[in-house]
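Below you'll find the structure, written out as structure tokens, and then a few comments.
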Amino acid sequence: MQSLYNSLINFSQPVISIAGKFSPKLKEFSEGRKDLFQRLEKLLQPGSHYIWIHAASLGEFEMAVPVLKMLKDEYPSEKIIVSFFSPSGFNNKKKHELVDIFTYLPLDTKYNAEKFLELINPKMAFFIKYDFWPNFLMGLKDRNIPTYLVSGVFRQNQSFFKFYGKWMINSLQAFDHFFVQNEESAELLSKIGFENTTVAGDTRFDRVAAQITQDNRIEFIEDFKANQLLTVFGSSWPEDENLYIDYINKHPEQKFLIAPHEIKAEKIQTLSDKIKQPVLQFSEMKKANIEDFNVFILDTIGYLGRVYSYADIAYVGGGAGSTGLHNILEPATFGIPIIIGSNYDKFPEAARLRQLAGLFSVKNSEEFEEIMDKFISNPDFRRKSGMIAGHFINSNTGATRILESHLRVAEN
């Protein structure tokens, strides 16, 4: 099976390059990896030692941030290299104060894995959540490089637990330790012979909990809110808009901020056209008095995490369609109630927070209006739901501290 896997990976390289002529995403995926080793070699500093973090995409990088901070404190003389598999991750995080080098991860061929590891020669390697690449993992094992899985999640439907995926179990032997999010993951690993596991939780809780201690002030949001009730729609897709647009149009007495997931001019215009209230976009902000508008469209990136600190209610997008629910933990850390769509089966944190009554799922615009009316008419209910969300964050922090303790013991 491994031979077949290697053949398919090798075959995919030219196929992806050709397909890129017809798909912008595949073109970006392919072109981002052109001359990767030459570019990486120029970035590496002779004599420096590197710690390698791999994140599939932007979401996994956010999970890695507390780990990056810990590694910088524990190993101040080491440099950090972060690899991404997806263009969305790489393009959004080309610079970060905790990272010395960002790079794409080459496709998982034997040659690429050997060349990549030869170049960076990492002191340690950390994989965030998942994205298991057999040739890279076997290369780490062959070099005896300490390798860790952080905030790992395993499910019964993964290939490791199927008859056809047993060959991939060998690649998991590269991990010195698995830091997993839940007992189910630890039990699944135990069934295939791995006991070097710790149920540490999810580093995203550490990430968002740190946000509340930072300076979250945004002057233009203060001007826009003007002491009125504010609902923030974060990472919103068109499917999400279908749930809440009618409510916005019915309530000129409230303030609404929409942060679309896709910031494309034509889609922003389509959204604006649906709204019957005065609408202002971030890109047009200098031309108007922001306090005069009921709806503000945040057609830029980098503000949403802090914007939630001003919200009284948050709607988190992605759950109304099939794109995947976005980060509910960011608003939860500020102690505000959260609304999502009905598709959240793969997001256990959403299911748990819903059980606790800090989060509410809606199937249609009528259900959205019903829960919003309850939040508005019953401030005590709104505040209690928000307190539950905030407590949920505080009671689940500590995953990074567990990893840190393990590394200190391993070093000694």
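We label chains A, B, ... in the order they appear in the structure tokens, count residues from 1 in each chain, and number ligands from 1 in the order shown.
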
When you look at A:Gln181 with a cut-off of 9 Å (counting only C-alpha atoms), what residues show up, excluding the ones that are within fewer than 6 positions of it in the same chain? I need them as an mmCIF file with N, CA, C and O atoms, in the first residue's frame.
data_model
loop_
_atom_site.group_PDB
_atom_site.id
_atom_site.type_symbol
_atom_site.label_atom_id
_atom_site.label_comp_id
_atom_site.auth_asym_id
_atom_site.auth_seq_id
_atom_site.Cartn_x
_atom_site.Cartn_y
_atom_site.Cartn_z
ATOM 1 N N LYS A 129 -2.712 19.100 15.508
ATOM 2 C CA LYS A 129 -4.039 18.483 15.354
ATOM 3 C C LYS A 129 -4.027 17.246 14.467
ATOM 4 O O LYS A 129 -4.418 16.182 14.881
ATOM 5 N N VAL A 150 0.289 17.756 18.733
ATOM 6 C CA VAL A 150 -0.308 18.704 19.679
ATOM 7 C C VAL A 150 -1.786 18.899 19.352
ATOM 8 O O VAL A 150 -2.152 19.110 18.190
ATOM 9 N N SER A 151 -2.629 18.824 20.366
ATOM 10 C CA SER A 151 -4.086 18.968 20.201
ATOM 11 C C SER A 151 -4.617 17.990 19.157
ATOM 12 O O SER A 151 -5.468 18.327 18.338
ATOM 13 N N GLY A 152 -4.099 16.777 19.203
ATOM 14 C CA GLY A 152 -4.489 15.767 18.228
ATOM 15 C C GLY A 152 -5.929 15.322 18.385
ATOM 16 O O GLY A 152 -6.480 15.286 19.486
ATOM 17 N N VAL A 153 -6.523 14.964 17.254
ATOM 18 C CA VAL A 153 -7.888 14.420 17.242
ATOM 19 C C VAL A 153 -7.894 13.192 16.346
ATOM 20 O O VAL A 153 -7.472 13.257 15.188
ATOM 21 N N PHE A 154 -8.365 12.088 16.891
ATOM 22 C CA PHE A 154 -8.505 10.868 16.104
ATOM 23 C C PHE A 154 -9.968 10.445 16.106
ATOM 24 O O PHE A 154 -10.664 10.556 17.123
ATOM 25 N N THR A 198 -1.305 11.599 26.135
ATOM 26 C CA THR A 198 -1.815 12.406 27.246
ATOM 27 C C THR A 198 -3.025 13.177 26.747
ATOM 28 O O THR A 198 -2.967 13.819 25.694
ATOM 29 N N VAL A 199 -4.125 13.080 27.492
ATOM 30 C CA VAL A 199 -5.298 13.894 27.156
ATOM 31 C C VAL A 199 -5.054 15.280 27.744
ATOM 32 O O VAL A 199 -5.256 15.520 28.937
ATOM 33 N N ALA A 200 -4.590 16.180 26.879
ATOM 34 C CA ALA A 200 -4.171 17.516 27.333
ATOM 35 C C ALA A 200 -5.194 18.599 27.019
ATOM 36 O O ALA A 200 -5.144 19.685 27.583
ATOM 37 N N GLY A 201 -6.110 18.310 26.092
ATOM 38 C CA GLY A 201 -7.064 19.332 25.690
ATOM 39 C C GLY A 201 -6.624 20.053 24.429
ATOM 40 O O GLY A 201 -5.738 19.596 23.704
ATOM 41 N N ASP A 202 -7.247 21.195 24.200
ATOM 42 C CA ASP A 202 -7.092 21.938 22.948
ATOM 43 C C ASP A 202 -6.372 23.259 23.227
ATOM 44 O O ASP A 202 -6.838 24.073 24.035
ATOM 45 N N THR A 203 -5.241 23.483 22.558
ATOM 46 C CA THR A 203 -4.473 24.718 22.770
ATOM 47 C C THR A 203 -5.217 25.963 22.307
ATOM 48 O O THR A 203 -4.824 27.076 22.658
ATOM 49 N N ALA A 399 -3.662 23.218 28.070
ATOM 50 C CA ALA A 399 -3.036 22.232 27.185
ATOM 51 C C ALA A 399 -1.567 22.558 26.931
ATOM 52 O O ALA A 399 -0.713 21.661 26.906
#

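Counting only C-alpha atoms, stretch 100-117 of chain A has the following residues at most 6 Å away, ignoring those fewer than 3 positions along the same chain: Ile80, Ile81, Val82, Ser83, Phe84, Phe85, Ile120, Asn121, Asn135 and Phe136 of chain A.
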
Can I get the selection written as a CSV table (one decimal), in the first residue's frame, with all heavy atoms?
chain,number,residue,atom,x,y,z
A,80,ILE,N,12.4,29.3,14.9
A,80,ILE,CA,11.2,28.6,14.6
A,80,ILE,C,10.8,28.7,13.1
A,80,ILE,O,10.8,29.7,12.5
A,80,ILE,CB,10.0,29.2,15.4
A,80,ILE,CG1,10.2,29.2,16.9
A,80,ILE,CG2,8.7,28.5,15.1
A,80,ILE,CD1,10.2,27.9,17.6
A,81,ILE,N,10.6,27.5,12.5
A,81,ILE,CA,10.1,27.4,11.1
A,81,ILE,C,8.7,26.8,11.1
A,81,ILE,O,8.5,25.7,11.8
A,81,ILE,CB,11.1,26.6,10.3
A,81,ILE,CG1,10.6,26.6,8.8
A,81,ILE,CG2,11.4,25.2,10.8
A,81,ILE,CD1,11.7,26.1,7.9
A,82,VAL,N,7.8,27.4,10.5
A,82,VAL,CA,6.4,26.9,10.4
A,82,VAL,C,6.1,26.6,8.9
A,82,VAL,O,6.3,27.4,8.0
A,82,VAL,CB,5.4,28.0,10.9
A,82,VAL,CG1,4.0,27.6,10.6
A,82,VAL,CG2,5.6,28.2,12.4
A,83,SER,N,5.6,25.4,8.7
A,83,SER,CA,5.2,25.0,7.4
A,83,SER,C,3.6,24.9,7.3
A,83,SER,O,3.0,24.6,8.3
A,83,SER,CB,5.8,23.7,7.0
A,83,SER,OG,5.3,22.6,7.9
A,84,PHE,N,3.1,25.3,6.2
A,84,PHE,CA,1.7,25.2,5.9
A,84,PHE,C,1.5,24.2,4.7
A,84,PHE,O,2.3,24.2,3.8
A,84,PHE,CB,1.1,26.5,5.5
A,84,PHE,CG,0.9,27.5,6.6
A,84,PHE,CD1,1.6,28.6,6.8
A,84,PHE,CD2,-0.1,27.2,7.6
A,84,PHE,CE1,1.5,29.5,7.8
A,84,PHE,CE2,-0.3,28.1,8.6
A,84,PHE,CZ,0.5,29.2,8.8
A,85,PHE,N,0.4,23.5,4.7
A,85,PHE,CA,0.0,22.7,3.5
A,85,PHE,C,-0.9,23.6,2.6
A,85,PHE,O,-0.7,23.5,1.4
A,85,PHE,CB,-0.8,21.5,4.0
A,85,PHE,CG,-1.1,20.6,2.8
A,85,PHE,CD1,-0.1,19.8,2.2
A,85,PHE,CD2,-2.4,20.5,2.2
A,85,PHE,CE1,-0.4,19.0,1.1
A,85,PHE,CE2,-2.6,19.7,1.2
A,85,PHE,CZ,-1.6,18.9,0.6
A,120,ILE,N,16.4,21.6,6.8
A,120,ILE,CA,16.1,22.3,8.1
A,120,ILE,C,16.7,21.6,9.3
A,120,ILE,O,16.9,22.3,10.3
A,120,ILE,CB,14.6,22.5,8.3
A,120,ILE,CG1,13.9,21.2,8.5
A,120,ILE,CG2,14.0,23.3,7.1
A,120,ILE,CD1,12.4,21.4,8.9
A,121,ASN,N,16.9,20.3,9.2
A,121,ASN,CA,17.5,19.5,10.3
A,121,ASN,C,17.0,19.9,11.6
A,121,ASN,O,17.7,20.4,12.5
A,121,ASN,CB,19.0,19.7,10.3
A,121,ASN,CG,19.7,18.7,11.2
A,121,ASN,OD1,19.2,17.7,11.5
A,121,ASN,ND2,20.9,19.1,11.7
A,135,ASN,N,5.7,10.0,4.6
A,135,ASN,CA,7.1,10.1,4.3
A,135,ASN,C,7.9,11.1,5.2
A,135,ASN,O,9.0,10.8,5.6
A,135,ASN,CB,7.3,10.5,2.8
A,135,ASN,CG,7.0,9.3,1.9
A,135,ASN,OD1,7.4,8.2,2.1
A,135,ASN,ND2,6.2,9.5,0.8
A,136,PHE,N,7.2,12.2,5.5
A,136,PHE,CA,7.8,13.1,6.4
A,136,PHE,C,8.0,12.5,7.8
A,136,PHE,O,9.0,12.7,8.5
A,136,PHE,CB,7.0,14.4,6.5
A,136,PHE,CG,7.2,15.3,5.4
A,136,PHE,CD1,6.3,15.4,4.3
A,136,PHE,CD2,8.3,16.2,5.3
A,136,PHE,CE1,6.5,16.2,3.2
A,136,PHE,CE2,8.5,17.0,4.3
A,136,PHE,CZ,7.6,17.1,3.2

Checklist entry - Restricting the calculation to only C-alpha atoms, which member of A:Leu353, A:Ile245, A:Leu280, A:Ala410 is positioned closest to A:Phe368? => result A:Ile245

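Of the listed residues A:Leu407, A:Arg383, A:Lys69, A:Ser17, the one whose atoms come nearest to A:Met124 is A:Leu407, with distances taken using only C-alpha atoms.
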
Checklist entry - Residues at most 8 Å from A:Glu239, counting only C-alpha atoms, excluding those fewer than 6 positions away in the same chain, as an MDAnalysis selection string? => result chainID A and resid 318 320:321

Please produce an output containing N, CA and C atoms for each residue in the selection, written as an mmCIF file, in the first residue's frame.
data_model
loop_
_atom_site.group_PDB
_atom_site.id
_atom_site.type_symbol
_atom_site.label_atom_id
_atom_site.label_comp_id
_atom_site.auth_asym_id
_atom_site.auth_seq_id
_atom_site.Cartn_x
_atom_site.Cartn_y
_atom_site.Cartn_z
ATOM 1 N N GLY A 318 -20.375 29.635 9.102
ATOM 2 C CA GLY A 318 -19.876 28.361 8.594
ATOM 3 C C GLY A 318 -20.796 27.195 8.868
ATOM 4 N N ALA A 320 -24.101 27.163 8.771
ATOM 5 C CA ALA A 320 -25.353 27.145 8.011
ATOM 6 C C ALA A 320 -25.192 26.407 6.687
ATOM 7 N N GLY A 321 -23.939 26.209 6.270
ATOM 8 C CA GLY A 321 -23.667 25.494 5.024
ATOM 9 C C GLY A 321 -22.761 24.310 5.290
#

Item to check | Per-residue DSSP, stretch 218-258 of chain A, filtered to strand (DSSP E), as a ChimeraX atom specification | outcome: /A:230-236,255-258

Kindly provide the residues of stretch 155-270 of chain A that approach stretch 329-345 of chain A to within 10 Å, each paired with its closest atom pair and their distance in Å to one decimal, based on only C-alpha atoms, listed by chain and increasing number, as a tab-separated table.
residue	atom	partner	partner_atom	distance
A:Arg204	CA	A:Leu329	CA	7.6
A:Phe205	CA	A:Leu329	CA	7.0
A:Arg207	CA	A:Glu330	CA	8.8
A:Val208	CA	A:Glu330	CA	5.6
A:Ala209	CA	A:Thr333	CA	6.0
A:Ala210	CA	A:Thr333	CA	9.0
A:Gln211	CA	A:Thr333	CA	7.9
A:Ile212	CA	A:Phe334	CA	6.8
A:Thr231	CA	A:Ile338	CA	9.9
A:Val232	CA	A:Pro331	CA	9.3
A:Phe233	CA	A:Ile339	CA	9.2
A:Gly234	CA	A:Pro331	CA	9.0
A:Glu239	CA	A:Gly341	CA	9.1
A:Asp240	CA	A:Gly341	CA	7.2
A:Leu243	CA	A:Gly341	CA	8.3

Checklist entry - So what do you get for atom CA of A:Asn327 versus atom CA of A:Phe347, distance-wise? => result 9.7 Å

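Taking atom CA of A:Leu149 and atom CA of A:Glu404 as endpoints, the distance between them is 13.1 Å.
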
Spatial neighbours of A:Gly32, max dist 8 Å, only C-alpha atoms, sep filter under 3 positions, as an mmCIF file with C-alpha atoms, in the first residue's frame:
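Result file is part18.cif:
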data_model
loop_
_atom_site.group_PDB
_atom_site.id
_atom_site.type_symbol
_atom_site.label_atom_id
_atom_site.label_comp_id
_atom_site.auth_asym_id
_atom_site.auth_seq_id
_atom_site.Cartn_x
_atom_site.Cartn_y
_atom_site.Cartn_z
ATOM 1 C CA GLU A 28 -1.801 28.893 -6.090
ATOM 2 C CA PHE A 29 -1.092 25.512 -4.473
ATOM 3 C CA LEU A 36 10.606 25.865 -2.721
ATOM 4 C CA PRO A 87 -2.331 28.465 0.517
ATOM 5 C CA TYR A 104 4.900 25.672 2.247
#

Next on the checklist: Give me, as a PyMOL selection string, the residues of stretch 262-314 of chain A that a backbone DSSP run labels helix (DSSP H, G or I).
Outcome noted: chain A and resi 265-274+282-287+290-292+304-310

Checklist entry - For A:Ser57, which residue out of A:Ile128, A:Val180, A:Leu356, A:Leu304 is the nearest one, using only C-alpha atoms? => result A:Ile128

List as a PDB file with N, CA and C atoms, in the first residue's frame the protein and nucleic acid residues near A:Lys79, meaning an atom at most 10 Å away when only C-alpha atoms are counted, but skip any in the same chain fewer than 5 places from it.
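Saved result, result_7.pdb, follows:
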ATOM      1  N   LEU A  44      17.305  30.052   5.394  1.00  0.00           N
ATOM      2  CA  LEU A  44      17.963  29.394   6.522  1.00  0.00           C
ATOM      3  C   LEU A  44      19.300  30.059   6.840  1.00  0.00           C
ATOM      4  N   GLN A  45      19.557  30.239   8.120  1.00  0.00           N
ATOM      5  CA  GLN A  45      20.802  30.886   8.549  1.00  0.00           C
ATOM      6  C   GLN A  45      21.823  29.829   8.964  1.00  0.00           C
ATOM      7  N   SER A  48      22.437  28.087  12.602  1.00  0.00           N
ATOM      8  CA  SER A  48      21.246  28.192  13.451  1.00  0.00           C
ATOM      9  C   SER A  48      20.588  26.827  13.618  1.00  0.00           C
ATOM     10  N   HIS A  49      19.886  26.672  14.730  1.00  0.00           N
ATOM     11  CA  HIS A  49      19.137  25.442  14.989  1.00  0.00           C
ATOM     12  C   HIS A  49      17.647  25.771  14.952  1.00  0.00           C
ATOM     13  N   TYR A  50      16.867  24.850  14.375  1.00  0.00           N
ATOM     14  CA  TYR A  50      15.461  25.132  14.124  1.00  0.00           C
ATOM     15  C   TYR A  50      14.543  24.137  14.835  1.00  0.00           C
ATOM     16  N   ILE A  51      13.409  24.648  15.255  1.00  0.00           N
ATOM     17  CA  ILE A  51      12.292  23.828  15.712  1.00  0.00           C
ATOM     18  C   ILE A  51      11.206  23.952  14.648  1.00  0.00           C
ATOM     19  N   TRP A  52      10.702  22.824  14.211  1.00  0.00           N
ATOM     20  CA  TRP A  52       9.740  22.813  13.105  1.00  0.00           C
ATOM     21  C   TRP A  52       8.324  22.587  13.635  1.00  0.00           C
ATOM     22  N   LEU A  71       7.627  27.784  23.274  1.00  0.00           N
ATOM     23  CA  LEU A  71       8.911  27.357  22.723  1.00  0.00           C
ATOM     24  C   LEU A  71       9.922  28.502  22.701  1.00  0.00           C
ATOM     25  N   LYS A  72       9.465  29.702  22.394  1.00  0.00           N
ATOM     26  CA  LYS A  72      10.364  30.860  22.396  1.00  0.00           C
ATOM     27  C   LYS A  72      10.907  31.130  23.799  1.00  0.00           C
ATOM     28  N   LEU A  98       6.587  35.574  16.312  1.00  0.00           N
ATOM     29  CA  LEU A  98       7.103  34.365  16.939  1.00  0.00           C
ATOM     30  C   LEU A  98       7.733  33.388  15.951  1.00  0.00           C
ATOM     31  N   VAL A  99       7.671  33.719  14.671  1.00  0.00           N
ATOM     32  CA  VAL A  99       8.133  32.785  13.630  1.00  0.00           C
ATOM     33  C   VAL A  99       9.280  33.402  12.842  1.00  0.00           C
ATOM     34  N   ASP A 100      10.328  32.626  12.643  1.00  0.00           N
ATOM     35  CA  ASP A 100      11.483  33.102  11.879  1.00  0.00           C
ATOM     36  C   ASP A 100      11.337  32.825  10.390  1.00  0.00           C
ATOM     37  N   ILE A 101      10.748  31.678  10.046  1.00  0.00           N
ATOM     38  CA  ILE A 101      10.579  31.315   8.629  1.00  0.00           C
ATOM     39  C   ILE A 101       9.218  30.668   8.436  1.00  0.00           C
ATOM     40  N   PRO A 122      15.684  19.755  11.888  1.00  0.00           N
ATOM     41  CA  PRO A 122      15.074  20.306  13.102  1.00  0.00           C
ATOM     42  C   PRO A 122      15.535  19.613  14.387  1.00  0.00           C
ATOM     43  N   LYS A 123      15.602  20.394  15.454  1.00  0.00           N
ATOM     44  CA  LYS A 123      15.905  19.855  16.778  1.00  0.00           C
ATOM     45  C   LYS A 123      14.700  19.085  17.303  1.00  0.00           C
TER      46      LYS A 123
END

Next on the checklist: List the spatial neighbours of stretch 156-158 of chain A as a ChimeraX atom specification - criterion: any atom at most 12 Å away, only C-alpha atoms, same-chain residues fewer than 4 positions off excluded.
Outcome noted: /A:130-132,162-166,168-169,184-189,191-192
